[in-house]
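Source file structure.txt; content: compact mmCIF, C-alpha atoms.
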# COMPACT_ATOMS: atom_id res chain seq x y z
CA MET R 768 106.02 122.24 118.06
CA PRO R 769 105.85 120.26 121.34
CA GLU R 770 107.18 121.81 124.53
CA ILE R 771 110.94 121.50 124.97
CA THR R 772 113.09 122.13 128.01
CA GLN R 773 115.24 125.21 128.49
CA GLU R 774 118.35 123.03 128.31
CA GLN R 775 117.28 121.57 124.96
CA ARG R 776 116.47 125.06 123.66
CA GLU R 777 119.84 126.48 124.70
CA ARG R 778 121.70 123.51 123.20
CA ALA R 779 119.94 123.94 119.83
CA ILE R 780 120.56 127.70 119.79
CA ALA R 781 124.25 127.19 120.60
CA ALA R 782 124.59 124.60 117.82
CA ALA R 783 123.06 127.01 115.28
CA ALA R 784 125.33 129.85 116.42
CA GLU R 785 128.45 127.68 116.07
CA ARG R 786 127.68 126.56 112.51
CA ILE R 787 130.04 128.16 110.03
CA GLU R 788 128.17 126.98 106.95
CA ASP R 789 124.82 125.42 106.18
CA PRO R 790 125.14 121.59 106.37
CA LEU R 791 122.42 121.27 103.71
CA ARG R 792 123.92 123.74 101.25
CA SER R 793 125.39 120.91 99.17
CA TRP R 794 122.75 118.29 100.07
CA THR R 795 121.12 116.60 97.10
CA ARG R 796 117.47 115.80 97.57
CA PRO R 797 116.41 112.25 96.68
CA ARG R 798 115.30 111.89 93.10
CA GLN R 799 111.60 111.18 92.72
CA ASP R 800 110.17 109.03 89.94
CA ASP R 801 109.24 110.87 86.77
CA CYS R 802 105.94 110.61 84.96
CA PRO R 803 106.75 108.22 82.07
CA ILE R 804 104.74 110.39 79.66
CA CYS R 805 105.93 113.97 80.26
CA PHE R 806 109.08 113.14 82.30
CA ILE R 807 108.19 115.72 84.95
CA PRO R 808 108.85 114.55 88.55
CA LEU R 809 105.70 113.00 90.00
CA PRO R 810 103.97 114.86 92.84
CA LEU R 811 105.01 113.74 96.31
CA LYS R 812 101.43 113.05 97.38
CA ARG R 813 100.17 109.78 95.90
CA SER R 814 96.69 111.27 95.51
CA GLU R 815 98.06 113.66 92.86
CA SER R 816 99.03 110.91 90.41
CA MET R 817 97.31 107.77 89.09
CA TYR R 818 98.70 104.27 89.48
CA TRP R 819 97.92 101.92 86.57
CA ILE R 820 97.81 98.27 87.54
CA CYS R 821 98.14 97.14 83.92
CA CYS R 822 101.83 98.13 83.73
CA GLY R 823 102.63 99.29 87.26
CA LYS R 824 103.31 102.88 86.20
CA SER R 825 102.26 106.04 88.02
CA ILE R 826 101.20 108.86 85.73
CA CYS R 827 100.66 112.50 86.68
CA HIS R 828 97.15 113.92 86.63
CA GLY R 829 98.15 116.34 83.87
CA CYS R 830 98.85 113.50 81.43
CA VAL R 831 95.74 111.61 82.52
CA HIS R 832 93.68 114.76 81.96
CA SER R 833 95.24 115.20 78.49
CA GLN R 834 94.25 111.62 77.65
CA CYS R 835 90.66 112.26 78.72
CA GLU R 836 90.48 115.53 76.79
CA ALA R 837 91.87 113.92 73.65
CA HIS R 838 89.17 111.23 73.74
CA ARG R 839 86.27 113.25 75.10
CA ASP R 840 83.93 111.78 72.47
CA ASP R 841 85.02 108.17 73.05
CA ILE R 842 84.89 107.26 76.72
CA LEU R 843 86.37 103.79 76.14
CA LYS R 844 89.58 105.26 74.71
CA ALA R 845 89.80 107.59 77.69
CA PHE R 846 90.38 104.50 79.87
CA ILE R 847 93.30 103.25 77.79
CA CYS R 848 96.56 103.42 79.77
CA PRO R 849 98.55 106.42 78.45
CA PHE R 850 101.79 104.44 78.83
CA CYS R 851 101.25 100.80 77.77
CA ARG R 852 97.96 101.35 75.90
CA GLY R 853 96.43 98.54 77.95
CA ASP R 854 92.76 98.38 78.85
CA GLY R 855 92.41 100.41 82.01
CA SER R 856 88.64 100.05 82.25
CA LYS R 857 89.09 97.14 84.68
CA CYS R 858 91.75 98.86 86.78
CA ASP R 859 89.27 100.08 89.39
CA PRO R 860 89.72 97.89 92.50
CA LYS R 861 86.20 98.70 93.70
CA GLU R 862 84.50 97.69 90.45
CA HIS R 863 86.72 94.75 89.52
CA PRO R 864 88.50 93.56 92.71
CA ALA R 865 89.33 90.04 91.45
CA THR R 866 90.86 91.28 88.20
CA TYR R 867 92.73 94.04 90.03
CA MET R 868 94.18 91.63 92.61
CA LYS R 869 95.22 89.17 89.90
CA ARG R 870 97.15 91.92 88.09
CA ALA R 871 98.63 93.21 91.35
CA LEU R 872 99.92 89.75 92.28
CA LYS R 873 101.38 89.28 88.80
CA LEU R 874 103.38 92.51 89.16
CA ALA R 875 104.29 91.74 92.79
CA ASN R 876 105.60 88.28 91.95
CA ALA R 877 107.69 89.86 89.20
CA GLY R 878 109.40 91.97 91.90
CA HIS R 879 107.67 95.33 91.32
CA PRO R 880 108.17 97.29 94.60
CA THR R 881 104.98 99.36 94.36
CA ALA R 882 102.86 96.31 93.57
CA ILE R 883 104.34 94.39 96.51
CA GLN R 884 103.64 97.32 98.83
CA ASN R 885 100.06 97.54 97.52
CA VAL R 886 99.44 93.82 98.10
CA ALA R 887 100.79 94.31 101.64
CA ARG R 888 98.30 97.14 102.20
CA TYR R 889 95.37 95.11 100.86
CA HIS R 890 96.11 92.28 103.30
CA PHE R 891 96.93 94.54 106.26
CA HIS R 892 93.77 96.65 105.95
CA GLY R 893 91.46 94.07 104.37
CA GLU R 894 90.93 95.99 101.12
CA ILE R 895 89.50 95.01 97.71
CA GLY R 896 87.57 92.06 99.09
CA LEU R 897 90.41 90.45 101.05
CA GLN R 898 90.00 89.29 104.64
CA GLN R 899 92.09 91.49 106.93
CA ASP R 900 95.28 89.65 107.86
CA LYS R 901 97.86 91.91 109.51
CA ALA R 902 100.45 89.15 109.85
CA GLU R 903 100.28 88.45 106.10
CA GLY R 904 100.35 92.18 105.40
CA LEU R 905 103.49 92.57 107.51
CA ARG R 906 105.20 89.76 105.58
CA TRP R 907 104.45 91.53 102.32
CA TYR R 908 105.60 94.87 103.77
CA HIS R 909 108.97 93.35 104.69
CA ARG R 910 109.23 91.86 101.22
CA ALA R 911 108.44 95.26 99.69
CA VAL R 912 111.18 96.95 101.74
CA GLU R 913 113.67 94.36 100.49
CA ALA R 914 112.54 95.22 96.95
CA GLY R 915 113.22 98.93 97.60
CA SER R 916 109.78 100.32 98.45
CA ALA R 917 110.04 103.55 100.45
CA ASP R 918 106.29 103.51 101.15
CA ALA R 919 106.53 100.04 102.69
CA ALA R 920 109.38 101.14 105.00
CA TYR R 921 107.32 104.18 106.00
CA ASN R 922 104.25 102.04 106.72
CA LEU R 923 106.31 99.61 108.82
CA GLY R 924 107.63 102.60 110.75
CA LYS R 925 104.07 103.67 111.51
CA CYS R 926 103.15 100.11 112.56
CA PHE R 927 105.98 100.00 115.10
CA TRP R 928 105.36 103.58 116.23
CA GLU R 929 101.65 102.97 116.87
CA GLY R 930 101.88 99.30 117.87
CA ASP R 931 99.58 98.33 115.00
CA GLY R 932 99.96 94.61 114.28
CA VAL R 933 103.27 94.52 116.18
CA ASP R 934 104.53 95.42 119.65
CA LYS R 935 105.14 99.14 119.97
CA ASP R 936 108.86 99.78 119.46
CA ARG R 937 109.92 103.36 118.85
CA VAL R 938 113.55 102.44 118.19
CA GLN R 939 112.47 100.10 115.38
CA ALA R 940 109.99 102.71 114.17
CA LEU R 941 112.70 105.36 113.87
CA GLY R 942 114.91 102.85 112.08
CA TYR R 943 112.23 102.14 109.48
CA PHE R 944 111.50 105.84 109.01
CA ARG R 945 115.20 106.43 108.39
CA LYS R 946 115.18 103.55 105.90
CA ALA R 947 112.15 105.07 104.18
CA ALA R 948 113.92 108.44 103.92
CA GLU R 949 117.00 106.71 102.53
CA LEU R 950 114.79 105.08 99.86
CA GLY R 951 113.26 108.44 98.93
CA SER R 952 110.18 108.89 101.15
CA VAL R 953 109.82 112.61 101.81
CA PRO R 954 107.03 112.26 104.45
CA ALA R 955 109.47 110.10 106.42
CA TYR R 956 111.67 113.18 106.98
CA CYS R 957 108.67 114.91 108.58
CA PHE R 958 107.96 111.97 110.88
CA ILE R 959 111.64 111.73 111.87
CA GLY R 960 111.62 115.45 112.62
CA ASP R 961 108.52 115.11 114.84
CA ILE R 962 110.05 112.15 116.71
CA LEU R 963 113.34 113.94 117.30
CA ILE R 964 111.58 117.09 118.51
CA ALA R 965 109.61 114.96 120.98
CA ILE R 966 112.81 113.45 122.44
CA GLY R 967 114.65 116.77 122.50
CA GLU R 968 117.08 116.26 119.59
CA ILE R 969 116.22 119.67 118.16
CA ASP R 970 119.25 120.23 115.93
CA GLU R 971 118.84 116.95 114.02
CA ALA R 972 115.05 117.43 113.98
CA MET R 973 115.43 120.77 112.21
CA LEU R 974 117.71 119.17 109.61
CA ASN R 975 115.05 116.57 108.80
CA CYS R 976 112.26 119.16 108.68
CA ARG R 977 114.36 121.26 106.32
CA LYS R 978 115.05 118.23 104.09
CA ALA R 979 111.31 117.56 103.78
CA ALA R 980 110.65 121.18 102.82
CA MET R 981 113.56 121.26 100.38
CA CYS R 982 112.07 118.22 98.60
CA GLY R 983 108.87 120.18 98.00
CA TRP R 984 106.70 118.85 100.84
CA SER R 985 104.01 121.34 101.84
CA ASP R 986 102.42 120.71 105.20
CA ASP R 987 101.12 123.12 107.86
CA THR R 988 102.81 121.25 110.72
CA LEU R 989 106.13 121.12 108.88
CA PHE R 990 106.20 124.84 108.14
CA SER R 991 105.01 125.65 111.65
CA ASN R 992 108.02 123.72 113.00
CA LEU R 993 110.33 125.59 110.64
CA ARG R 994 108.89 129.00 111.60
CA VAL R 995 109.28 128.21 115.30
CA GLY R 996 112.80 126.92 114.63
CA PHE R 997 113.74 130.18 112.93
CA ARG R 998 112.04 132.36 115.55
CA GLU R 999 113.72 130.49 118.42
CA GLY R 1000 117.15 130.58 116.75
CA PHE R 1001 117.43 126.83 116.03
CA ILE R 1002 118.07 127.60 112.35
CA THR R 1003 119.70 130.73 111.00
CA LYS R 1004 118.14 133.34 108.75
CA ASP R 1005 120.22 132.16 105.77
CA GLU R 1006 119.27 128.52 106.40
CA TYR R 1007 115.59 129.42 106.63
CA ALA R 1008 115.66 131.49 103.44
CA PHE R 1009 117.59 128.79 101.56
CA THR R 1010 115.05 126.16 102.67
CA LEU R 1011 112.12 128.23 101.39
CA ARG R 1012 113.83 128.86 98.02
CA GLU R 1013 114.56 125.15 97.59
CA ASN R 1014 110.97 124.30 98.53
CA GLN R 1015 109.64 126.62 95.83
CA ALA R 1016 112.09 125.26 93.25
CA ALA R 1017 111.09 121.66 94.03
CA CYS R 1018 107.37 122.53 93.81
CA ASP R 1019 107.90 124.26 90.45
CA GLU R 1020 109.64 121.14 89.10
CA MET R 1021 106.60 119.02 89.87
CA LYS R 1022 104.03 121.28 88.17
CA SER R 1023 102.31 119.38 85.39
Show how you would write the structure in this file as structure tokens.
Amino acid sequence: MPEITQEQRERAIAAAAERIEDPLRSWTRPRQDDCPICFIPLPLKRSESMYWICCGKSICHGCVHSQCEAHRDDILKAFICPFCRGDGSKCDPKEHPATYMKRALKLANAGHPTAIQNVARYHFHGEIGLQQDKAEGLRWYHRAVEAGSADAAYNLGKCFWEGDGVDKDRVQALGYFRKAAELGSVPAYCFIGDILIAIGEIDEAMLNCRKAAMCGWSDDTLFSNLRVGFREGFITKDEYAFTLRENQAACDEMKS
């Protein structure tokens, strides 16, 4: 946790001491998308699920593994989408960039939030054979946010925070991170917490860090902030224990 002033520390400790009940006791964590095969909530980290461009569905690694095991002797069937049964053999953007982009644009133009956000990323970073065009990427990011993409709001927040493709604007950045959290982005809670700690808003920062943990996010920096918050008296013993229990419950829900 960054250095904070004595005044900020005392204010956060006083706020914790004055709380009669935990403000997050009745908080409902944002619902994450379920795997369309097993109906278990998808992992929070995108790397722990597979996105299929044929139908625009994300499927947990457990169901993908089951598909591969079931067709171990027929590699072509192992590449069939477990959801729509479409041919997934050409869903690798590195091997078939033109086909992948064509399918991505088809989904994006149909209003699919994830597809729109992906097209934005391809333009912004110059991926899958596209020329890098940050202005075009930003236009797609804004379109994705309008369609309800939490990832796009989070990425716009990072752009404004870092001044990447836009003028650095930390007020706008915080606004987009809050929008991302509102749309269900759990990493956005972590970023909001880090920003608020940096500007000395410790009480609200701890609330956002706790929300991220209660959603099942596991990150060394996040839990370091929570441990320091508990040790310094910014969150109470009951609040800390409740946060850890909710974190474990959320993680158990996502086990595939």
Could you give me, as CSV, every segment 970-1016 of chain R residue with an atom at most 12 Å from segment 774-778 of chain R, plus its closest atom pair and distance in Å to one decimal, counting only C-alpha atoms, rows ordered by chain then number?
residue,atom,partner,partner_atom,distance
R:Asp970,CA,R:Arg778,CA,8.3
R:Glu971,CA,R:Arg778,CA,11.6
R:Ala972,CA,R:Gln775,CA,11.9
R:Val995,CA,R:Arg776,CA,11.5
R:Gly996,CA,R:Arg776,CA,9.9
R:Arg998,CA,R:Arg776,CA,11.8
R:Glu999,CA,R:Arg776,CA,8.0
R:Gly1000,CA,R:Arg776,CA,8.9
R:Phe1001,CA,R:Arg776,CA,7.9
R:Ile1002,CA,R:Arg776,CA,11.7
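When atom CA of Lys869 of chain R is paired with atom CA of Glu903 of chain R, their separation reads 17.0 Å.
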List every protein, DNA or RNA residue with an atom no more than 7 Å from (101.6, 106.4, 99.1) in the file's coordinates, counting only C-alpha atoms, and format the result as a PyMOL selection string. chain R and resi 812-813+918
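Atom CA of Ile807 of chain R sits 26.4 Å away from atom CA of Arg870 of chain R.
Here atom CA of Tyr921 of chain R is placed at a distance of 21.7 Å from atom CA of Trp794 of chain R.
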Which residues are close to segment 1005-1020 of chain R, i.e. within 8 Å by all atoms listed in the file, leaving aside same-chain residues fewer than 6 positions away? Reply as a list in words. Asp789, Ile807, Pro808, Arg977, Ala980, Met981, Cys982, Gly983, Trp984, Leu993 and Phe997 of chain R
Please provide the set of residues having any atom within 10 Å of Leu809 of chain R, restricted to only C-alpha atoms, with same-chain residues fewer than 3 positions apart removed, written as a ChimeraX atom specification. /R:799-803,805-806,812-813,815-817,825-828,1020-1023
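Take the candidates R:Gly893, R:Gln899, R:Ala940, R:Arg906 and check each one against Phe927 of chain R using only C-alpha atoms; the shortest distance goes to R:Ala940.
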Could you tell me which of R:Arg945, R:His892, R:His863, R:Arg839 comes closest to Ala917 of chain R if we count all atoms listed in the file? R:Arg945
With only C-alpha atoms counted, which protein, DNA or RNA residues have an atom no more than 12 Å from (92.6, 96.1, 103.1) in the file frame? Please answer as a PyMOL selection string. chain R and resi 860-861+864+868+884-901+903-904
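When all atoms listed in the file are used to compute distances to Ala871 of chain R, the closest of the residues R:Phe990, R:Tyr818, R:Phe850, R:Tyr943 turns out to be R:Tyr818.
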